[in-house]
$ cat upload_13.pdb   # PDB, C-alpha atoms
ATOM      1  CA  MET A 202      99.389 102.131 132.582  1.00  0.00           C
ATOM      2  CA  THR A 203     100.592  98.571 132.026  1.00  0.00           C
ATOM      3  CA  PHE A 204     104.157  97.793 131.041  1.00  0.00           C
ATOM      4  CA  ARG A 205     103.017  96.639 127.581  1.00  0.00           C
ATOM      5  CA  ALA A 206     101.045  99.843 126.973  1.00  0.00           C
ATOM      6  CA  PHE A 207     103.984 101.953 128.151  1.00  0.00           C
ATOM      7  CA  PHE A 208     106.411 100.010 125.942  1.00  0.00           C
ATOM      8  CA  CYS A 209     104.146 100.414 122.871  1.00  0.00           C
ATOM      9  CA  PHE A 210     103.801 104.133 123.630  1.00  0.00           C
ATOM     10  CA  LEU A 211     107.572 104.473 123.922  1.00  0.00           C
ATOM     11  CA  LEU A 212     108.196 102.643 120.640  1.00  0.00           C
ATOM     12  CA  LEU A 213     105.520 104.678 118.903  1.00  0.00           C
ATOM     13  CA  THR A 214     107.175 107.884 120.132  1.00  0.00           C
ATOM     14  CA  ILE A 215     110.539 106.693 118.818  1.00  0.00           C
ATOM     15  CA  SER A 216     109.074 105.615 115.487  1.00  0.00           C
ATOM     16  CA  VAL A 217     107.316 108.941 114.882  1.00  0.00           C
ATOM     17  CA  SER A 218     110.580 110.810 115.366  1.00  0.00           C
ATOM     18  CA  THR A 219     112.598 108.380 113.203  1.00  0.00           C
ATOM     19  CA  PRO A 220     112.500 109.314 109.490  1.00  0.00           C
ATOM     20  CA  ALA A 221     113.448 105.802 108.319  1.00  0.00           C
ATOM     21  CA  PHE A 222     110.363 104.364 110.006  1.00  0.00           C
ATOM     22  CA  ALA A 223     108.116 107.020 108.509  1.00  0.00           C
ATOM     23  CA  LEU A 224     109.254 106.051 104.997  1.00  0.00           C
ATOM     24  CA  ASN A 225     108.494 102.342 105.394  1.00  0.00           C
ATOM     25  CA  ALA A 226     105.399 101.542 107.478  1.00  0.00           C
ATOM     26  CA  GLU A 227     106.294  97.822 107.556  1.00  0.00           C
ATOM     27  CA  ARG A 228     109.427  98.443 109.665  1.00  0.00           C
ATOM     28  CA  ALA A 229     108.955  97.895 113.378  1.00  0.00           C
ATOM     29  CA  PRO A 230     111.693  99.290 115.649  1.00  0.00           C
ATOM     30  CA  THR A 231     113.319  97.206 118.344  1.00  0.00           C
ATOM     31  CA  ALA A 232     113.674  98.469 121.924  1.00  0.00           C
ATOM     32  CA  SER A 233     117.038 100.106 121.158  1.00  0.00           C
ATOM     33  CA  GLY A 234     115.558 102.051 118.249  1.00  0.00           C
ATOM     34  CA  HIS A 235     118.621 101.150 116.158  1.00  0.00           C
ATOM     35  CA  ALA A 236     117.279  98.017 114.440  1.00  0.00           C
ATOM     36  CA  TYR A 237     114.015  97.235 112.680  1.00  0.00           C
ATOM     37  CA  ALA A 238     111.921  94.147 112.046  1.00  0.00           C
ATOM     38  CA  GLU A 239     110.752  93.755 108.457  1.00  0.00           C
ATOM     39  CA  PRO A 240     108.153  91.112 107.583  1.00  0.00           C
ATOM     40  CA  TYR A 241     109.543  88.773 104.938  1.00  0.00           C
ATOM     41  CA  LYS A 242     106.669  86.342 104.392  1.00  0.00           C
ATOM     42  CA  ALA A 243     103.592  84.725 105.860  1.00  0.00           C
ATOM     43  CA  VAL A 244     102.358  81.536 104.219  1.00  0.00           C
ATOM     44  CA  ARG A 245      99.253  79.574 105.258  1.00  0.00           C
ATOM     45  CA  LYS A 246      99.219  75.874 104.361  1.00  0.00           C
ATOM     46  CA  ASP A 247      97.452  72.878 105.904  1.00  0.00           C
ATOM     47  CA  GLY A 248      96.382  74.703 109.069  1.00  0.00           C
ATOM     48  CA  VAL A 249      99.829  76.220 109.697  1.00  0.00           C
ATOM     49  CA  LEU A 250     100.851  79.862 109.317  1.00  0.00           C
ATOM     50  CA  HIS A 251     104.603  80.154 108.686  1.00  0.00           C
ATOM     51  CA  ILE A 252     105.967  83.663 109.363  1.00  0.00           C
ATOM     52  CA  GLU A 253     109.478  84.924 108.609  1.00  0.00           C
ATOM     53  CA  VAL A 254     110.923  88.257 109.742  1.00  0.00           C
ATOM     54  CA  ARG A 255     114.270  89.887 108.927  1.00  0.00           C
ATOM     55  CA  PHE A 256     116.007  92.385 111.177  1.00  0.00           C
ATOM     56  CA  VAL A 257     118.040  95.250 109.718  1.00  0.00           C
ATOM     57  CA  THR A 258     119.862  98.318 110.981  1.00  0.00           C
ATOM     58  CA  ASP A 259     120.869 101.647 109.512  1.00  0.00           C
ATOM     59  CA  TYR A 260     122.971 102.574 112.559  1.00  0.00           C
ATOM     60  CA  PRO A 261     126.762 102.417 111.964  1.00  0.00           C
ATOM     61  CA  GLY A 262     128.453 100.494 114.753  1.00  0.00           C
ATOM     62  CA  TYR A 263     125.260  98.751 115.894  1.00  0.00           C
ATOM     63  CA  SER A 264     126.321  96.468 118.734  1.00  0.00           C
ATOM     64  CA  GLY A 265     123.385  94.050 118.537  1.00  0.00           C
ATOM     65  CA  GLU A 266     120.742  93.379 121.179  1.00  0.00           C
ATOM     66  CA  LEU A 267     118.842  90.619 122.898  1.00  0.00           C
ATOM     67  CA  ILE A 268     115.192  90.460 121.838  1.00  0.00           C
ATOM     68  CA  TYR A 269     114.251  87.448 123.981  1.00  0.00           C
ATOM     69  CA  GLU A 270     115.662  84.234 125.409  1.00  0.00           C
ATOM     70  CA  ASP A 271     114.419  81.120 127.169  1.00  0.00           C
ATOM     71  CA  ILE A 272     110.768  82.105 127.585  1.00  0.00           C
ATOM     72  CA  PRO A 273     108.980  79.449 129.674  1.00  0.00           C
ATOM     73  CA  LEU A 274     106.428  77.497 127.642  1.00  0.00           C
ATOM     74  CA  GLU A 275     103.577  78.541 129.950  1.00  0.00           C
ATOM     75  CA  ARG A 276     104.296  82.267 129.267  1.00  0.00           C
ATOM     76  CA  ILE A 277     105.165  82.213 125.570  1.00  0.00           C
ATOM     77  CA  ASP A 278     101.594  82.618 124.239  1.00  0.00           C
ATOM     78  CA  GLY A 279     101.300  85.992 125.954  1.00  0.00           C
ATOM     79  CA  LEU A 280     104.629  87.200 124.565  1.00  0.00           C
ATOM     80  CA  ILE A 281     104.879  85.845 121.007  1.00  0.00           C
ATOM     81  CA  TYR A 282     101.684  85.603 118.986  1.00  0.00           C
ATOM     82  CA  ALA A 283      99.948  86.683 115.780  1.00  0.00           C
ATOM     83  CA  GLU A 284      96.769  88.730 115.908  1.00  0.00           C
ATOM     84  CA  PHE A 285      93.949  89.838 113.639  1.00  0.00           C
ATOM     85  CA  GLY A 286      91.320  92.070 115.198  1.00  0.00           C
ATOM     86  CA  ASP A 287      90.368  90.434 118.487  1.00  0.00           C
ATOM     87  CA  GLN A 288      91.613  86.977 117.420  1.00  0.00           C
ATOM     88  CA  SER A 289      94.964  85.750 118.700  1.00  0.00           C
ATOM     89  CA  PHE A 290      96.918  82.896 117.077  1.00  0.00           C
ATOM     90  CA  SER A 291      99.451  81.022 119.212  1.00  0.00           C
ATOM     91  CA  LEU A 292     102.707  79.378 118.252  1.00  0.00           C
ATOM     92  CA  LEU A 293     102.313  75.850 116.968  1.00  0.00           C
ATOM     93  CA  ARG A 294     103.188  73.116 119.479  1.00  0.00           C
ATOM     94  CA  GLU A 295     105.302  70.148 118.473  1.00  0.00           C
ATOM     95  CA  ASP A 296     107.091  67.510 120.576  1.00  0.00           C
ATOM     96  CA  GLY A 297     106.476  69.367 123.854  1.00  0.00           C
ATOM     97  CA  GLY A 298     107.729  72.734 122.602  1.00  0.00           C
ATOM     98  CA  VAL A 299     106.879  75.502 120.176  1.00  0.00           C
ATOM     99  CA  VAL A 300     107.951  75.784 116.543  1.00  0.00           C
ATOM    100  CA  ALA A 301     110.034  78.926 117.103  1.00  0.00           C
ATOM    101  CA  PRO A 302     113.609  79.766 118.130  1.00  0.00           C
ATOM    102  CA  ASP A 303     114.405  79.523 121.848  1.00  0.00           C
ATOM    103  CA  ASN A 304     116.081  82.924 121.702  1.00  0.00           C
ATOM    104  CA  LEU A 305     116.618  85.866 119.398  1.00  0.00           C
ATOM    105  CA  HIS A 306     119.811  87.865 119.593  1.00  0.00           C
ATOM    106  CA  LEU A 307     120.586  90.410 116.888  1.00  0.00           C
ATOM    107  CA  GLY A 308     124.201  90.571 115.728  1.00  0.00           C
ATOM    108  CA  PHE A 309     126.554  93.526 115.550  1.00  0.00           C
ATOM    109  CA  ASN A 310     126.985  95.513 112.346  1.00  0.00           C
ATOM    110  CA  TYR A 311     129.803  97.977 111.812  1.00  0.00           C
ATOM    111  CA  ASP A 312     128.779  99.092 108.329  1.00  0.00           C
ATOM    112  CA  PRO A 313     125.082  98.727 107.468  1.00  0.00           C
ATOM    113  CA  SER A 314     125.641 100.384 104.069  1.00  0.00           C
ATOM    114  CA  LYS A 315     127.294  97.119 102.921  1.00  0.00           C
ATOM    115  CA  ASN A 316     124.754  94.729 104.463  1.00  0.00           C
ATOM    116  CA  PRO A 317     122.074  96.006 106.861  1.00  0.00           C
ATOM    117  CA  ARG A 318     120.863  92.575 108.069  1.00  0.00           C
ATOM    118  CA  VAL A 319     121.485  91.782 111.748  1.00  0.00           C
ATOM    119  CA  GLY A 320     119.191  88.792 112.206  1.00  0.00           C
ATOM    120  CA  SER A 321     116.262  86.712 111.073  1.00  0.00           C
ATOM    121  CA  TRP A 322     113.431  84.878 112.784  1.00  0.00           C
ATOM    122  CA  LYS A 323     110.841  82.332 111.699  1.00  0.00           C
ATOM    123  CA  ALA A 324     108.116  80.417 113.442  1.00  0.00           C
ATOM    124  CA  ASP A 325     104.916  78.475 112.835  1.00  0.00           C
ATOM    125  CA  PHE A 326     101.550  79.487 114.242  1.00  0.00           C
ATOM    126  CA  VAL A 327      98.109  77.985 114.322  1.00  0.00           C
ATOM    127  CA  ALA A 328      96.667  79.326 111.051  1.00  0.00           C
ATOM    128  CA  PRO A 329      93.763  81.765 111.078  1.00  0.00           C
ATOM    129  CA  MET A 330      90.610  81.068 109.069  1.00  0.00           C
ATOM    130  CA  HIS A 331      90.836  81.593 105.303  1.00  0.00           C
ATOM    131  CA  ASP A 332      88.943  84.894 105.458  1.00  0.00           C
ATOM    132  CA  VAL A 333      91.850  86.457 107.414  1.00  0.00           C
ATOM    133  CA  ASN A 334      94.250  87.993 104.877  1.00  0.00           C
ATOM    134  CA  GLU A 335      96.761  89.710 107.147  1.00  0.00           C
ATOM    135  CA  VAL A 336      98.071  89.505 110.706  1.00  0.00           C
ATOM    136  CA  MET A 337     100.114  91.524 113.148  1.00  0.00           C
ATOM    137  CA  LEU A 338     103.027  89.832 114.898  1.00  0.00           C
ATOM    138  CA  PHE A 339     103.877  90.546 118.532  1.00  0.00           C
ATOM    139  CA  MET A 340     107.106  89.644 120.290  1.00  0.00           C
ATOM    140  CA  PRO A 341     109.070  91.064 123.239  1.00  0.00           C
ATOM    141  CA  ASN A 342     111.217  94.177 122.729  1.00  0.00           C
ATOM    142  CA  VAL A 343     109.876  94.915 119.229  1.00  0.00           C
ATOM    143  CA  ALA A 344     107.014  97.201 118.226  1.00  0.00           C
ATOM    144  CA  PRO A 345     104.067  95.348 116.659  1.00  0.00           C
ATOM    145  CA  ILE A 346     105.162  94.001 113.277  1.00  0.00           C
ATOM    146  CA  GLY A 347     102.844  94.353 110.319  1.00  0.00           C
ATOM    147  CA  PRO A 348     100.289  94.107 109.046  1.00  0.00           C
ATOM    148  CA  ILE A 349     101.764  91.102 107.261  1.00  0.00           C
ATOM    149  CA  ALA A 350      99.881  89.883 104.179  1.00  0.00           C
ATOM    150  CA  ILE A 351      99.139  86.143 104.204  1.00  0.00           C
ATOM    151  CA  ARG A 352      99.653  84.054 101.086  1.00  0.00           C
ATOM    152  CA  ASP A 353      97.842  80.727 100.723  1.00  0.00           C
ATOM    153  CA  ARG A 354      99.526  77.653  99.295  1.00  0.00           C
TER
END
$ encode --input "upload_13.pdb" --output "structure tokens"
Amino acid sequence: MTFRAFFCFLLLTISVSTPAFALNAERAPTASGHAYAEPYKAVRKDGVLHIEVRFVTDYPGYSGELIYEDIPLERIDGLIYAEFGDQSFSLLREDGGVVAPDNLHLGFNYDPSKNPRVGSWKADFVAPMHDVNEVMLFMPNVAPIGPIAIRDR
């Protein structure tokens, strides 16, 4: 079993036993199981797919966690990408880099009942064809996020 398959199995096991995840299918747990990725928007315009994700917690005293940092450019396509069926969409390249944050670290949260947000993330991808209406988002240390409905502008 590959590491990716094992990690997905582990996150699936956690998500099945977590009532909050069962209530909202769009929430994707992080590796700690104490924070969740929630798709915010996906907009396709002029050959670019812009995706935004918010991270929240319902765990009092959440200490934050590192999702990823400093991924080498030659490895990033295999770690952060959007997917529909068997089609994979890579991060958009611009000025020798990708249009995405270099790292993602979720912040601490002592009282999620006041404000559950612990982070946000946004990036641009090569847009899928117009007949693709939703995508899944993959990134390290987070269960697959989605499906995320795509809006055209």
$ closest_residue --input "upload_13.pdb" --among "A:Val254, A:Ala283, A:Val249, A:Ile272" --to "Leu338 (chain A)" --atoms "only C-alpha atoms"
A:Ala283
$ atom_distance --input "upload_13.pdb" --atom1 "CA of Leu293 (chain A)" --atom2 "CA of Gly265 (chain A)"
27.9 Å
$ atom_distance --input "upload_13.pdb" --atom1 "CA of Ile268 (chain A)" --atom2 "CA of Lys246 (chain A)"
27.8 Å
$ closest_atom_pairs --input "upload_13.pdb" --of "region 321-340 of chain A" --to "region 305-308 of chain A" --cutoff "12 Å" --atoms "all atoms listed in the file" --output "tab-separated table"
residue	atom	partner	partner_atom	distance
A:Ser321	CA	A:Leu307	CA	8.1
A:Trp322	CA	A:Leu305	CA	7.4
A:Lys323	CA	A:Leu305	CA	10.3
A:Ala324	CA	A:Leu305	CA	11.7
A:Met340	CA	A:Leu305	CA	10.3
$ residues_around --input "upload_13.pdb" --residues "region 286-289 of chain A" --least-positions-apart "3" --cutoff "9 Å" --atoms "all atoms listed in the file" --output "PDB file with C-alpha atoms, in the frame of the given file"
ATOM      1  CA  TYR A 282     101.684  85.603 118.986  1.00  0.00           C
ATOM      2  CA  ALA A 283      99.948  86.683 115.780  1.00  0.00           C
ATOM      3  CA  PRO A 329      93.763  81.765 111.078  1.00  0.00           C
ATOM      4  CA  VAL A 336      98.071  89.505 110.706  1.00  0.00           C
TER       5      VAL A 336
END
$ resolve_selection --input "upload_13.pdb" --expression "the PyMOL selection byres ((chain A and resi 326) around 10)" --output "ChimeraX atom specification"
/A:245,248-252,281-283,290-294,299-301,324-325,327-329
$ resolve_selection --input "upload_13.pdb" --expression "the PyMOL selection byres ((chain A and resi 259) around 8)" --output "list in words"
His235, Ala236, Val257, Thr258, Tyr260, Pro261, Pro313, Ser314 and Pro317 of chain A
$ atom_distance --input "upload_13.pdb" --atom1 "CA of Asp278 (chain A)" --atom2 "CA of Asn342 (chain A)"
15.1 Å
$ closest_residue --input "upload_13.pdb" --among "A:Glu275, A:Gly347, A:Met337, A:Tyr311" --to "Arg228 (chain A)" --atoms "all atoms listed in the file"
A:Gly347
$ axis_aligned_box --input "upload_13.pdb" --around "region 226-240 of chain A" --padding-each-side "8 Å" --output "JSON"
{"center_x": 112.0, "center_y": 96.6, "center_z": 114.7, "size_x": 29.2, "size_y": 26.9, "size_z": 30.4}
$ residues_around --input "upload_13.pdb" --residues "Arg352 (chain A)" --least-positions-apart "3" --cutoff "9 Å" --atoms "only C-alpha atoms" --output "mmCIF file with C-alpha atoms, in the coordinates of the input"
data_model
loop_
_atom_site.group_PDB
_atom_site.id
_atom_site.type_symbol
_atom_site.label_atom_id
_atom_site.label_comp_id
_atom_site.auth_asym_id
_atom_site.auth_seq_id
_atom_site.Cartn_x
_atom_site.Cartn_y
_atom_site.Cartn_z
ATOM 1 C CA LYS A 242 106.669 86.342 104.392
ATOM 2 C CA ALA A 243 103.592 84.725 105.860
ATOM 3 C CA VAL A 244 102.358 81.536 104.219
ATOM 4 C CA ARG A 245 99.253 79.574 105.258
ATOM 5 C CA LYS A 246 99.219 75.874 104.361
ATOM 6 C CA ASN A 334 94.250 87.993 104.877
ATOM 7 C CA GLU A 335 96.761 89.710 107.147
#
